[in-house]
file work_38.pdb (PDB, C-alpha atoms and all ligand atoms)
ATOM      1  CA  MET A 140      57.741  28.740  73.004
ATOM      2  CA  THR A 141      56.881  32.448  73.062
ATOM      3  CA  LYS A 142      58.462  34.207  70.136
ATOM      4  CA  ILE A 143      60.417  37.409  70.498
ATOM      5  CA  GLU A 144      58.386  40.229  68.945
ATOM      6  CA  ARG A 145      59.875  43.331  70.531
ATOM      7  CA  LEU A 146      63.670  43.432  70.487
ATOM      8  CA  GLY A 147      65.896  46.010  72.174
ATOM      9  CA  VAL A 148      69.526  46.481  71.201
ATOM     10  CA  VAL A 149      71.829  48.563  73.387
ATOM     11  CA  GLY A 150      74.690  49.958  71.299
ATOM     12  CA  GLY A 151      74.307  50.724  67.598
ATOM     13  CA  GLY A 152      77.917  50.097  66.469
ATOM     14  CA  GLN A 153      78.951  47.501  63.923
ATOM     15  CA  MET A 154      77.686  44.580  66.022
ATOM     16  CA  GLY A 155      74.576  46.200  67.543
ATOM     17  CA  GLY A 156      73.652  47.782  64.215
ATOM     18  CA  GLY A 157      74.031  44.432  62.456
ATOM     19  CA  ILE A 158      71.891  42.660  65.079
ATOM     20  CA  ALA A 159      69.207  45.363  64.779
ATOM     21  CA  GLU A 160      69.264  45.005  60.991
ATOM     22  CA  VAL A 161      68.807  41.223  60.939
ATOM     23  CA  GLY A 162      66.114  41.503  63.637
ATOM     24  CA  ALA A 163      64.105  44.109  61.736
ATOM     25  CA  ARG A 164      64.555  42.235  58.436
ATOM     26  CA  ALA A 165      63.118  39.162  60.188
ATOM     27  CA  GLY A 166      59.982  41.150  61.058
ATOM     28  CA  LEU A 167      60.714  42.126  64.668
ATOM     29  CA  ASP A 168      60.016  45.570  66.088
ATOM     30  CA  VAL A 169      63.459  46.851  67.103
ATOM     31  CA  ILE A 170      64.573  49.758  69.293
ATOM     32  CA  VAL A 171      68.259  50.653  69.216
ATOM     33  CA  ARG A 172      69.555  52.661  72.158
ATOM     34  CA  GLU A 173      72.601  54.856  71.625
ATOM     35  CA  ILE A 174      74.417  57.081  74.075
ATOM     36  CA  ASP A 175      73.657  60.490  72.483
ATOM     37  CA  ASP A 176      71.921  62.046  69.471
ATOM     38  CA  ASP A 177      75.050  62.063  67.292
ATOM     39  CA  ALA A 178      75.689  58.368  67.934
ATOM     40  CA  ALA A 179      72.008  57.547  67.277
ATOM     41  CA  ARG A 180      72.096  59.484  63.977
ATOM     42  CA  ALA A 181      75.321  57.691  62.967
ATOM     43  CA  ALA A 182      73.834  54.269  63.829
ATOM     44  CA  ARG A 183      70.721  55.046  61.811
ATOM     45  CA  SER A 184      72.701  56.237  58.819
ATOM     46  CA  ARG A 185      74.908  53.075  58.828
ATOM     47  CA  LEU A 186      71.773  50.925  58.968
ATOM     48  CA  TRP A 187      70.019  52.805  56.165
ATOM     49  CA  LYS A 188      73.190  52.488  54.050
ATOM     50  CA  SER A 189      73.358  48.761  54.668
ATOM     51  CA  LEU A 190      69.653  48.325  53.761
ATOM     52  CA  ASN A 191      70.131  50.363  50.576
ATOM     53  CA  ARG A 192      73.094  48.193  49.661
ATOM     54  CA  ALA A 193      70.905  45.106  50.131
ATOM     55  CA  VAL A 194      68.355  46.668  47.738
ATOM     56  CA  GLN A 195      71.079  47.398  45.158
ATOM     57  CA  LYS A 196      72.300  43.794  45.427
ATOM     58  CA  GLY A 197      68.758  42.529  44.835
ATOM     59  CA  LYS A 198      68.544  40.916  48.300
ATOM     60  CA  LEU A 199      65.701  43.195  49.433
ATOM     61  CA  THR A 200      62.907  44.952  47.504
ATOM     62  CA  GLU A 201      62.312  48.665  48.030
ATOM     63  CA  ALA A 202      59.011  47.839  49.747
ATOM     64  CA  GLU A 203      60.784  45.401  52.117
ATOM     65  CA  ARG A 204      63.421  48.037  52.879
ATOM     66  CA  ASP A 205      60.736  50.613  53.698
ATOM     67  CA  ALA A 206      58.900  48.152  55.942
ATOM     68  CA  THR A 207      62.180  47.208  57.662
ATOM     69  CA  GLN A 208      62.972  50.880  58.274
ATOM     70  CA  GLU A 209      59.540  51.347  59.844
ATOM     71  CA  ARG A 210      60.334  48.561  62.312
ATOM     72  CA  LEU A 211      63.609  50.231  63.381
ATOM     73  CA  HIS A 212      63.497  52.912  66.075
ATOM     74  CA  PHE A 213      66.346  54.827  67.682
ATOM     75  CA  THR A 214      66.493  56.318  71.152
ATOM     76  CA  THR A 215      68.936  57.730  73.666
ATOM     77  CA  THR A 216      66.637  56.841  76.611
ATOM     78  CA  LEU A 217      67.224  53.394  78.080
ATOM     79  CA  ALA A 218      63.754  53.390  79.697
ATOM     80  CA  ASP A 219      62.214  53.282  76.180
ATOM     81  CA  LEU A 220      63.224  49.608  76.163
ATOM     82  CA  ASP A 221      60.886  48.770  79.079
ATOM     83  CA  ASP A 222      58.347  46.809  76.968
ATOM     84  CA  ARG A 223      60.897  44.568  75.193
ATOM     85  CA  ASP A 224      60.705  40.730  75.144
ATOM     86  CA  MET A 225      64.459  40.557  74.786
ATOM     87  CA  VAL A 226      67.293  43.075  75.033
ATOM     88  CA  ILE A 227      70.697  42.350  73.509
ATOM     89  CA  GLU A 228      73.580  44.367  74.896
ATOM     90  CA  ALA A 229      76.253  45.217  72.298
ATOM     91  CA  ILE A 230      78.282  47.986  73.941
ATOM     92  CA  ALA A 231      82.074  48.193  74.373
ATOM     93  CA  GLU A 232      83.866  45.219  76.020
ATOM     94  CA  ASP A 233      84.027  46.991  79.392
ATOM     95  CA  GLU A 234      82.921  44.885  82.354
ATOM     96  CA  GLY A 235      82.016  47.827  84.620
ATOM     97  CA  LEU A 236      79.830  49.448  81.959
ATOM     98  CA  LYS A 237      78.113  46.154  81.177
ATOM     99  CA  LEU A 238      77.397  45.352  84.842
ATOM    100  CA  ALA A 239      75.809  48.777  85.413
ATOM    101  CA  LEU A 240      73.738  48.384  82.252
ATOM    102  CA  PHE A 241      72.463  44.899  83.186
ATOM    103  CA  GLU A 242      71.421  46.143  86.618
ATOM    104  CA  GLU A 243      69.508  49.040  85.090
ATOM    105  CA  LEU A 244      67.878  46.942  82.346
ATOM    106  CA  ASP A 245      66.771  44.311  84.863
ATOM    107  CA  GLU A 246      64.969  46.974  86.863
ATOM    108  CA  LEU A 247      63.229  48.653  83.963
ATOM    109  CA  LEU A 248      62.001  45.642  81.939
ATOM    110  CA  THR A 249      58.318  45.201  82.825
ATOM    111  CA  ASP A 250      57.932  41.589  81.595
ATOM    112  CA  PRO A 251      59.449  39.242  84.209
ATOM    113  CA  GLU A 252      59.954  36.685  81.397
ATOM    114  CA  ALA A 253      62.019  39.092  79.277
ATOM    115  CA  ILE A 254      65.481  37.807  78.317
ATOM    116  CA  LEU A 255      68.610  39.849  78.939
ATOM    117  CA  ALA A 256      71.288  38.843  76.436
ATOM    118  CA  SER A 257      74.838  39.972  75.839
ATOM    119  CA  ASN A 258      76.817  39.975  72.618
ATOM    120  CA  THR A 259      80.045  39.965  74.648
ATOM    121  CA  SER A 260      82.854  37.823  73.260
ATOM    122  CA  SER A 261      84.785  37.391  76.443
ATOM    123  CA  ILE A 262      83.164  38.703  79.638
ATOM    124  CA  PRO A 263      81.687  35.954  81.870
ATOM    125  CA  ILE A 264      77.903  35.693  81.487
ATOM    126  CA  ALA A 265      77.686  34.633  85.157
ATOM    127  CA  LYS A 266      79.008  38.057  86.198
ATOM    128  CA  LEU A 267      76.390  39.850  84.093
ATOM    129  CA  ALA A 268      73.711  37.532  85.502
ATOM    130  CA  GLY A 269      74.867  38.423  89.022
ATOM    131  CA  ALA A 270      74.026  42.081  88.402
ATOM    132  CA  THR A 271      70.342  41.147  87.894
ATOM    133  CA  LYS A 272      67.459  39.565  89.794
ATOM    134  CA  ARG A 273      66.734  37.291  86.799
ATOM    135  CA  PRO A 274      69.989  35.280  86.435
ATOM    136  CA  ASP A 275      68.046  32.379  84.872
ATOM    137  CA  LYS A 276      67.052  34.684  81.992
ATOM    138  CA  VAL A 277      70.537  36.040  81.250
ATOM    139  CA  ILE A 278      72.430  34.436  78.348
ATOM    140  CA  GLY A 279      75.268  35.133  75.925
ATOM    141  CA  VAL A 280      74.072  35.468  72.335
ATOM    142  CA  HIS A 281      77.239  36.116  70.362
ATOM    143  CA  PHE A 282      77.030  37.214  66.717
ATOM    144  CA  PHE A 283      79.834  37.547  64.143
ATOM    145  CA  ASN A 284      80.873  40.513  62.058
ATOM    146  CA  PRO A 285      79.439  41.336  59.515
ATOM    147  CA  VAL A 286      76.221  40.156  61.195
ATOM    148  CA  PRO A 287      74.039  40.217  58.045
ATOM    149  CA  VAL A 288      76.558  37.940  56.258
ATOM    150  CA  LEU A 289      77.870  35.476  58.848
ATOM    151  CA  ASN A 290      75.426  32.762  59.799
ATOM    152  CA  LEU A 291      76.644  31.852  63.257
ATOM    153  CA  VAL A 292      75.391  32.665  66.744
ATOM    154  CA  GLU A 293      77.173  31.240  69.807
ATOM    155  CA  LEU A 294      74.759  30.556  72.667
ATOM    156  CA  VAL A 295      76.415  30.840  76.052
ATOM    157  CA  PRO A 296      74.366  29.880  79.103
ATOM    158  CA  SER A 297      75.953  30.566  82.494
ATOM    159  CA  LEU A 298      75.681  28.108  85.386
ATOM    160  CA  LEU A 299      72.495  29.956  86.359
ATOM    161  CA  THR A 300      70.752  30.172  82.942
ATOM    162  CA  SER A 301      67.604  28.024  82.642
ATOM    163  CA  GLU A 302      67.194  25.512  79.799
ATOM    164  CA  GLU A 303      63.961  27.362  78.954
ATOM    165  CA  THR A 304      66.011  30.517  78.256
ATOM    166  CA  VAL A 305      68.491  28.552  76.126
ATOM    167  CA  LYS A 306      65.573  27.120  74.099
ATOM    168  CA  ARG A 307      63.983  30.515  73.629
ATOM    169  CA  ALA A 308      67.272  32.113  72.576
ATOM    170  CA  ARG A 309      67.933  29.234  70.174
ATOM    171  CA  GLY A 310      64.458  29.601  68.644
ATOM    172  CA  PHE A 311      65.042  33.338  68.263
ATOM    173  CA  ALA A 312      68.395  32.822  66.497
ATOM    174  CA  THR A 313      67.408  29.888  64.269
ATOM    175  CA  GLU A 314      63.687  30.114  63.546
ATOM    176  CA  GLN A 315      63.321  33.893  63.661
ATOM    177  CA  LEU A 316      66.705  35.145  62.359
ATOM    178  CA  GLY A 317      67.588  32.078  60.263
ATOM    179  CA  LYS A 318      71.066  31.677  61.841
ATOM    180  CA  GLU A 319      72.870  28.531  62.978
ATOM    181  CA  THR A 320      73.762  28.133  66.631
ATOM    182  CA  ILE A 321      76.532  26.430  68.557
ATOM    183  CA  ARG A 322      76.564  26.109  72.336
ATOM    184  CA  ALA A 323      79.561  26.930  74.481
ATOM    185  CA  GLU A 324      80.409  26.903  78.170
ATOM    186  CA  ASP A 325      80.709  30.264  79.940
ATOM    187  CA  ARG A 326      84.509  30.536  79.487
ATOM    188  CA  SER A 327      86.147  33.663  78.136
ATOM    189  CA  GLY A 328      86.286  33.579  74.310
ATOM    190  CA  PHE A 329      83.693  30.762  74.110
ATOM    191  CA  ILE A 330      84.532  28.595  71.055
ATOM    192  CA  VAL A 331      85.308  30.887  68.139
ATOM    193  CA  ASN A 332      87.314  33.643  69.814
ATOM    194  CA  ALA A 333      89.223  31.141  71.966
ATOM    195  CA  LEU A 334      90.608  29.822  68.658
ATOM    196  CA  LEU A 335      90.594  33.024  66.589
ATOM    197  CA  VAL A 336      92.162  35.545  68.987
ATOM    198  CA  PRO A 337      95.479  33.666  69.592
ATOM    199  CA  TYR A 338      95.778  33.383  65.793
ATOM    200  CA  LEU A 339      95.211  37.130  65.259
ATOM    201  CA  LEU A 340      97.672  37.983  68.064
ATOM    202  CA  SER A 341     100.280  35.629  66.519
ATOM    203  CA  ALA A 342      99.961  37.463  63.194
ATOM    204  CA  ILE A 343     100.488  40.798  64.981
ATOM    205  CA  ARG A 344     103.565  39.371  66.758
ATOM    206  CA  MET A 345     104.922  38.136  63.411
ATOM    207  CA  PHE A 346     104.466  41.605  61.886
ATOM    208  CA  GLU A 347     105.903  43.296  65.005
ATOM    209  CA  ALA A 348     109.023  41.094  64.797
ATOM    210  CA  GLY A 349     109.593  42.237  61.187
ATOM    211  CA  HIS A 350     109.207  38.670  59.971
ATOM    212  CA  ALA A 351     107.072  39.676  56.952
ATOM    213  CA  SER A 352     105.017  42.587  55.597
ATOM    214  CA  ALA A 353     101.337  42.956  56.517
ATOM    215  CA  GLU A 354     100.381  42.251  52.900
ATOM    216  CA  ASP A 355     102.439  39.040  52.770
ATOM    217  CA  ILE A 356     101.119  37.769  56.125
ATOM    218  CA  ASP A 357      97.548  38.338  54.952
ATOM    219  CA  ASN A 358      98.164  37.006  51.475
ATOM    220  CA  GLY A 359      99.687  33.898  52.994
ATOM    221  CA  MET A 360      96.470  33.009  54.801
ATOM    222  CA  VAL A 361      94.136  34.100  51.976
ATOM    223  CA  GLN A 362      95.985  32.232  49.216
ATOM    224  CA  GLY A 363      97.499  29.452  51.311
ATOM    225  CA  CYS A 364      94.523  28.549  53.492
ATOM    226  CA  ALA A 365      91.572  30.021  51.548
ATOM    227  CA  HIS A 366      90.556  32.344  54.394
ATOM    228  CA  PRO A 367      88.243  35.110  53.128
ATOM    229  CA  MET A 368      90.587  37.749  54.606
ATOM    230  CA  GLY A 369      94.007  37.763  56.268
ATOM    231  CA  PRO A 370      94.499  38.101  60.051
ATOM    232  CA  LEU A 371      95.734  41.723  60.030
ATOM    233  CA  ARG A 372      92.896  42.961  57.817
ATOM    234  CA  LEU A 373      90.461  40.987  59.983
ATOM    235  CA  SER A 374      91.945  42.593  63.130
ATOM    236  CA  ASP A 375      91.346  46.005  61.529
ATOM    237  CA  MET A 376      87.752  44.991  60.787
ATOM    238  CA  VAL A 377      87.068  43.679  64.314
ATOM    239  CA  GLY A 378      88.582  46.915  65.728
ATOM    240  CA  LEU A 379      92.000  46.949  67.402
ATOM    241  CA  ASP A 380      90.539  48.306  70.656
ATOM    242  CA  THR A 381      87.942  45.522  70.672
ATOM    243  CA  LEU A 382      90.585  42.901  69.886
ATOM    244  CA  LYS A 383      92.775  44.204  72.724
ATOM    245  CA  ALA A 384      89.845  44.210  75.157
ATOM    246  CA  ILE A 385      88.976  40.603  74.231
ATOM    247  CA  ALA A 386      92.629  39.525  74.541
ATOM    248  CA  ASP A 387      92.942  41.245  77.957
ATOM    249  CA  SER A 388      89.863  39.539  79.252
ATOM    250  CA  MET A 389      91.007  36.119  77.974
ATOM    251  CA  TYR A 390      94.471  36.693  79.484
ATOM    252  CA  GLN A 391      92.807  37.511  82.788
ATOM    253  CA  GLU A 392      90.811  34.265  82.584
ATOM    254  CA  TYR A 393      93.542  31.824  81.491
ATOM    255  CA  ALA A 394      96.843  33.600  82.373
ATOM    256  CA  GLU A 395      98.488  32.073  79.286
ATOM    257  CA  PRO A 396     100.958  34.042  77.078
ATOM    258  CA  THR A 397      99.044  33.096  73.919
ATOM    259  CA  TYR A 398      96.279  35.542  74.975
ATOM    260  CA  ALA A 399      98.613  38.433  75.939
ATOM    261  CA  ALA A 400      98.168  41.544  73.771
ATOM    262  CA  PRO A 401     101.467  42.264  71.947
ATOM    263  CA  PRO A 402     103.035  45.700  72.723
ATOM    264  CA  LEU A 403     102.384  46.912  69.150
ATOM    265  CA  LEU A 404      98.645  46.299  69.537
ATOM    266  CA  LYS A 405      98.621  48.180  72.857
ATOM    267  CA  ARG A 406     100.555  51.152  71.419
ATOM    268  CA  MET A 407      98.300  51.360  68.346
ATOM    269  CA  VAL A 408      95.222  51.495  70.587
ATOM    270  CA  ASP A 409      96.938  54.078  72.857
ATOM    271  CA  ALA A 410      97.577  56.183  69.746
ATOM    272  CA  GLY A 411      93.918  55.982  68.666
ATOM    273  CA  ILE A 412      94.770  53.741  65.678
ATOM    274  CA  LYS A 413      91.855  51.343  66.052
ATOM    275  CA  GLY A 414      91.443  49.839  62.580
ATOM    276  CA  LYS A 415      88.918  50.378  59.815
ATOM    277  CA  LYS A 416      86.475  52.438  61.883
ATOM    278  CA  THR A 417      89.154  55.109  62.547
ATOM    279  CA  GLY A 418      90.501  55.063  58.979
ATOM    280  CA  ALA A 419      93.800  53.417  59.932
ATOM    281  CA  GLY A 420      95.126  50.211  61.429
ATOM    282  CA  PHE A 421      97.529  47.763  59.818
ATOM    283  CA  TYR A 422      96.168  49.311  56.594
ATOM    284  CA  ASP A 423      94.796  52.745  55.656
ATOM    285  CA  TYR A 424      91.113  53.003  54.752
TER     286      TYR A 424
HETATM  287  N1  LIG B   1      76.761  44.081  55.628
HETATM  288  C1  LIG B   1      76.016  43.375  54.745
HETATM  289  N2  LIG B   1      76.533  42.657  53.730
HETATM  290  C2  LIG B   1      77.874  42.681  53.595
HETATM  291  C3  LIG B   1      78.718  43.404  54.475
HETATM  292  C4  LIG B   1      78.111  44.124  55.529
HETATM  293  N3  LIG B   1      78.820  44.812  56.412
HETATM  294  N4  LIG B   1      80.015  43.207  54.089
HETATM  295  C5  LIG B   1      79.974  42.412  53.018
HETATM  296  N5  LIG B   1      78.699  42.074  52.735
HETATM  297  C6  LIG B   1      78.216  41.151  51.683
HETATM  298  C7  LIG B   1      78.380  41.753  50.332
HETATM  299  O1  LIG B   1      77.237  42.490  49.979
HETATM  300  C8  LIG B   1      78.564  40.529  49.447
HETATM  301  O2  LIG B   1      77.312  39.935  49.145
HETATM  302  P1  LIG B   1      77.055  39.191  47.740
HETATM  303  O3  LIG B   1      78.073  38.089  47.678
HETATM  304  O4  LIG B   1      75.645  38.685  47.839
HETATM  305  O5  LIG B   1      77.254  40.224  46.700
HETATM  306  C9  LIG B   1      79.312  39.545  50.340
HETATM  307  O6  LIG B   1      79.070  39.979  51.696
HETATM  308  C10 LIG B   1      80.779  39.563  50.076
HETATM  309  O7  LIG B   1      81.234  40.896  50.229
HETATM  310  P2  LIG B   1      82.279  41.629  49.272
HETATM  311  O8  LIG B   1      82.204  41.045  47.885
HETATM  312  O9  LIG B   1      82.133  43.094  49.449
HETATM  313  O10 LIG B   1      83.675  41.342  49.930
HETATM  314  P3  LIG B   1      84.344  39.985  50.313
HETATM  315  O11 LIG B   1      84.000  38.871  49.394
HETATM  316  O12 LIG B   1      85.758  40.362  50.521
HETATM  317  O13 LIG B   1      83.676  39.622  51.750
HETATM  318  C11 LIG B   1      83.537  39.687  54.087
HETATM  319  C12 LIG B   1      83.749  40.482  52.828
HETATM  320  C13 LIG B   1      82.090  39.162  54.134
HETATM  321  C14 LIG B   1      83.771  40.617  55.263
HETATM  322  C15 LIG B   1      84.526  38.471  54.091
HETATM  323  O14 LIG B   1      85.824  38.922  53.804
HETATM  324  C16 LIG B   1      84.546  37.707  55.375
HETATM  325  O15 LIG B   1      83.670  36.911  55.660
HETATM  326  N6  LIG B   1      85.609  37.920  56.185
HETATM  327  C17 LIG B   1      85.839  37.219  57.441
HETATM  328  C18 LIG B   1      85.006  37.845  58.514
HETATM  329  C19 LIG B   1      85.219  37.185  59.826
HETATM  330  O16 LIG B   1      86.064  36.317  60.028
HETATM  331  N7  LIG B   1      84.433  37.624  60.793
HETATM  332  C20 LIG B   1      84.515  37.168  62.136
HETATM  333  C21 LIG B   1      85.134  38.227  62.929
HETATM  334  S1  LIG B   1      85.254  37.734  64.609
HETATM  335  C22 LIG B   1      83.857  38.263  65.291
HETATM  336  O17 LIG B   1      83.008  38.876  64.716
HETATM  337  C23 LIG B   1      83.701  37.894  66.691
HETATM  338  C24 LIG B   1      84.370  38.746  67.677
HETATM  339  O18 LIG B   1      83.887  38.796  68.777
HETATM  340  C25 LIG B   1      85.634  39.450  67.439
END
call {"tool": "encode", "arguments": {"input": "work_38.pdb", "output": "C-alpha cells"}}
result
Amino acid sequence: MTKIERLGVVGGGQMGGGIAEVGARAGLDVIVREIDDDAARAARSRLWKSLNRAVQKGKLTEAERDATQERLHFTTTLADLDDRDMVIEAIAEDEGLKLALFEELDELLTDPEAILASNTSSIPIAKLAGATKRPDKVIGVHFFNPVPVLNLVELVPSLLTSEETVKRARGFATEQLGKETIRAEDRSGFIVNALLVPYLLSAIRMFEAGHASAEDIDNGMVQGCAHPMGPLRLSDMVGLDTLKAIADSMYQEYAEPTYAAPPLLKRMVDAGIKGKKTGAGFYDY
C-alpha cells in the first residue's frame, strides 16, 4: 500500500487546522489552502498556538514542534496542491462550494492515483464523487473536534469508491495518524452525527421551551451521564452554523422532524451568534 507523504488540506478552520496538525505531527508534508491571506495567517496562528500548547503540556519537544512547523505550508492558491497524494476538503458544509472544489481539484491533481477526501459530516460522498473523473478515489474521511484529542475517523465509501481507496484511507488514518476507524454507509450523518445531532437539537428544543437553564441542561448530561461536556456547550464548540447546516442536510435526506433545526438555532445563526468561534452562543466566551 503506497503511503500518503504529501497531504493537502483545503480549509484551515478548526477541523482543517486540526487535520493539518495531526498530519504534520505524523511526519507528512502538509499544505493548507485558505481563501485569502488573512484567513491563511489566522489558520497558521491557531496551529502554532496549538503546537506551543502541546510543548507546554510535554506532549511535544521544542525540536519536534520546529520540525512539525517546517512540514506545514500555507497557501491561497489551490493549484499549489497539484503534487499531493491526498487532499482532504474541510470547508463549510455547503454542497455547491464543495462540488465546485472537487471538480477543480480533480483537474489539477497530477497523480491519477491521488485520493480526494472530504471531511463532510452530512453531504453525500456520491455527489462529490460525481463532480470528478476519479469517483473510485473519492471517499469520506470524517474527523472529530478537537482533532488532536479525539481518536476517531469515520471512513465513508460511496457506491463508487474502490476497496483499494478504502484500504489506503484506512492505512493513512490508523498506521500514519494513529487514529481508530469505523466504516459507515454513505448516508447523511454517517454513524456519529446521525446519533449526535438529534440529541443536540433536542437539548436546544428543551432550552427553547424554557424547560431548564442552559447550565442545568448541560450539567444534567455531564454529571448524570458522564459526558465530557453538555449538549449546548458542545453545540457552541461545533459551531451553530455548522450544526444547522448538518441538521438541514440530514433533514433533506430523511425528512424526519428529529433532524429539523429548531427556530432558535436558525435565529441565532441569522443573528451571527455562531458559538465559541464568534464569542457567543448558548454561553459567552
Ligand atoms: N487541541 C489540542 N488539544 C486539546 C484541545 C485542542 N483544541 N482541546 C483540549 N485539548 C487537550 C488538552 O490539552 C488536555 O490534554 P491533557 O489531558 O493531556 O492535559 C485534554 O485535551 C483535555 O482538555 P482540557 O483539560 O482543556 O478540557 P476538558 O477536559 O474539558 O476537555 C474536550 C476538553 C477535549 C473538548 C472535552 O470536553 C471533549 O472531549 N468534549 C467532547 C467533544 C466532542 O464530543 N466532540 C465531537 C464533536 S462532533 C464532531 O466533531 C463531528 C461533527 O461533524 C459535528
call {"tool": "residues_near_point", "arguments": {"input": "work_38.pdb", "point": "(75.0, 33.6, 74.5)", "cutoff": "10 Å", "atoms": "only C-alpha atoms", "output": "number ranges by chain"}}
result
A: 227, 255-260, 264, 277-282, 292-297, 305, 308-309, 320-325, 329
call {"tool": "closest_residue", "arguments": {"input": "work_38.pdb", "among": "A:Gly162, A:Pro251, A:Gly378, A:Gly310", "to": "ligand LIG 1 (chain B)", "atoms": "only C-alpha atoms and all ligand atoms"}}
result
A:Gly378
call {"tool": "atom_distance", "arguments": {"input": "work_38.pdb", "atom1": "CA of Pro402 in chain A", "atom2": "CA of Leu371 in chain A"}}
result
15.2 Å
call {"tool": "residues_around", "arguments": {"input": "work_38.pdb", "residues": "Thr207 in chain A", "least_positions_apart": "3", "cutoff": "8 Å", "atoms": "all atoms listed in the file", "output": "VMD selection string"}}
result
chain A and resid 163 to 164 166 203 to 204 210 to 211
call {"tool": "resolve_selection", "arguments": {"input": "work_38.pdb", "expression": "the PyMOL selection byres (((chain A and resi 336) around 10) and not hetatm)", "output": "PyMOL selection string"}}
result
chain A and resi 328+331-335+337-342+370+374+382-383+385-386+389+397-400
call {"tool": "residues_near_ligand", "arguments": {"input": "work_38.pdb", "ligand": "ligand LIG 1 (chain B)", "cutoff": "6 Å", "atoms": "all atoms listed in the file", "output": "number ranges by chain"}}
result
A: 189, 260, 283-285, 287-288, 367-368, 377
call {"tool": "build_atoms", "arguments": {"input": "work_38.pdb", "residues": "range 256-273 of chain A", "atoms": "N, CA and C atoms", "output": "PDB file, keeping the file's coordinate frame"}}
result
ATOM      1  N   ALA A 256      70.189  39.536  77.126  1.00  0.00           N
ATOM      2  CA  ALA A 256      71.288  38.843  76.436  1.00  0.00           C
ATOM      3  C   ALA A 256      72.466  39.782  76.246  1.00  0.00           C
ATOM      4  N   SER A 257      73.640  39.169  76.112  1.00  0.00           N
ATOM      5  CA  SER A 257      74.838  39.972  75.839  1.00  0.00           C
ATOM      6  C   SER A 257      75.529  39.425  74.606  1.00  0.00           C
ATOM      7  N   ASN A 258      76.021  40.356  73.779  1.00  0.00           N
ATOM      8  CA  ASN A 258      76.817  39.975  72.618  1.00  0.00           C
ATOM      9  C   ASN A 258      78.308  39.963  72.979  1.00  0.00           C
ATOM     10  N   THR A 259      78.624  39.972  74.256  1.00  0.00           N
ATOM     11  CA  THR A 259      80.045  39.965  74.648  1.00  0.00           C
ATOM     12  C   THR A 259      80.773  38.769  74.036  1.00  0.00           C
ATOM     13  N   SER A 260      82.072  38.953  73.775  1.00  0.00           N
ATOM     14  CA  SER A 260      82.854  37.823  73.260  1.00  0.00           C
ATOM     15  C   SER A 260      83.697  37.209  74.346  1.00  0.00           C
ATOM     16  N   SER A 261      83.788  37.876  75.491  1.00  0.00           N
ATOM     17  CA  SER A 261      84.785  37.391  76.443  1.00  0.00           C
ATOM     18  C   SER A 261      84.456  37.616  77.920  1.00  0.00           C
ATOM     19  N   ILE A 262      83.460  38.437  78.211  1.00  0.00           N
ATOM     20  CA  ILE A 262      83.164  38.703  79.638  1.00  0.00           C
ATOM     21  C   ILE A 262      82.214  37.620  80.171  1.00  0.00           C
ATOM     22  N   PRO A 263      82.521  37.049  81.361  1.00  0.00           N
ATOM     23  CA  PRO A 263      81.687  35.954  81.870  1.00  0.00           C
ATOM     24  C   PRO A 263      80.203  36.332  81.985  1.00  0.00           C
ATOM     25  N   ILE A 264      79.356  35.466  81.451  1.00  0.00           N
ATOM     26  CA  ILE A 264      77.903  35.693  81.487  1.00  0.00           C
ATOM     27  C   ILE A 264      77.426  35.624  82.950  1.00  0.00           C
ATOM     28  N   ALA A 265      78.082  34.772  83.746  1.00  0.00           N
ATOM     29  CA  ALA A 265      77.686  34.633  85.157  1.00  0.00           C
ATOM     30  C   ALA A 265      77.821  35.964  85.897  1.00  0.00           C
ATOM     31  N   LYS A 266      78.841  36.761  85.526  1.00  0.00           N
ATOM     32  CA  LYS A 266      79.008  38.057  86.198  1.00  0.00           C
ATOM     33  C   LYS A 266      77.865  38.992  85.822  1.00  0.00           C
ATOM     34  N   LEU A 267      77.489  38.986  84.541  1.00  0.00           N
ATOM     35  CA  LEU A 267      76.390  39.850  84.093  1.00  0.00           C
ATOM     36  C   LEU A 267      75.092  39.409  84.768  1.00  0.00           C
ATOM     37  N   ALA A 268      74.911  38.075  84.862  1.00  0.00           N
ATOM     38  CA  ALA A 268      73.711  37.532  85.502  1.00  0.00           C
ATOM     39  C   ALA A 268      73.629  37.983  86.961  1.00  0.00           C
ATOM     40  N   GLY A 269      74.797  38.046  87.605  1.00  0.00           N
ATOM     41  CA  GLY A 269      74.867  38.423  89.022  1.00  0.00           C
ATOM     42  C   GLY A 269      74.445  39.861  89.281  1.00  0.00           C
ATOM     43  N   ALA A 270      74.438  40.673  88.234  1.00  0.00           N
ATOM     44  CA  ALA A 270      74.026  42.081  88.402  1.00  0.00           C
ATOM     45  C   ALA A 270      72.505  42.211  88.327  1.00  0.00           C
ATOM     46  N   THR A 271      71.795  41.091  88.086  1.00  0.00           N
ATOM     47  CA  THR A 271      70.342  41.147  87.894  1.00  0.00           C
ATOM     48  C   THR A 271      69.613  40.277  88.924  1.00  0.00           C
ATOM     49  N   LYS A 272      68.272  40.444  88.939  1.00  0.00           N
ATOM     50  CA  LYS A 272      67.459  39.565  89.794  1.00  0.00           C
ATOM     51  C   LYS A 272      66.805  38.477  88.946  1.00  0.00           C
ATOM     52  N   ARG A 273      67.266  38.335  87.683  1.00  0.00           N
ATOM     53  CA  ARG A 273      66.734  37.291  86.799  1.00  0.00           C
ATOM     54  C   ARG A 273      67.895  36.505  86.169  1.00  0.00           C
TER      55      ARG A 273
END
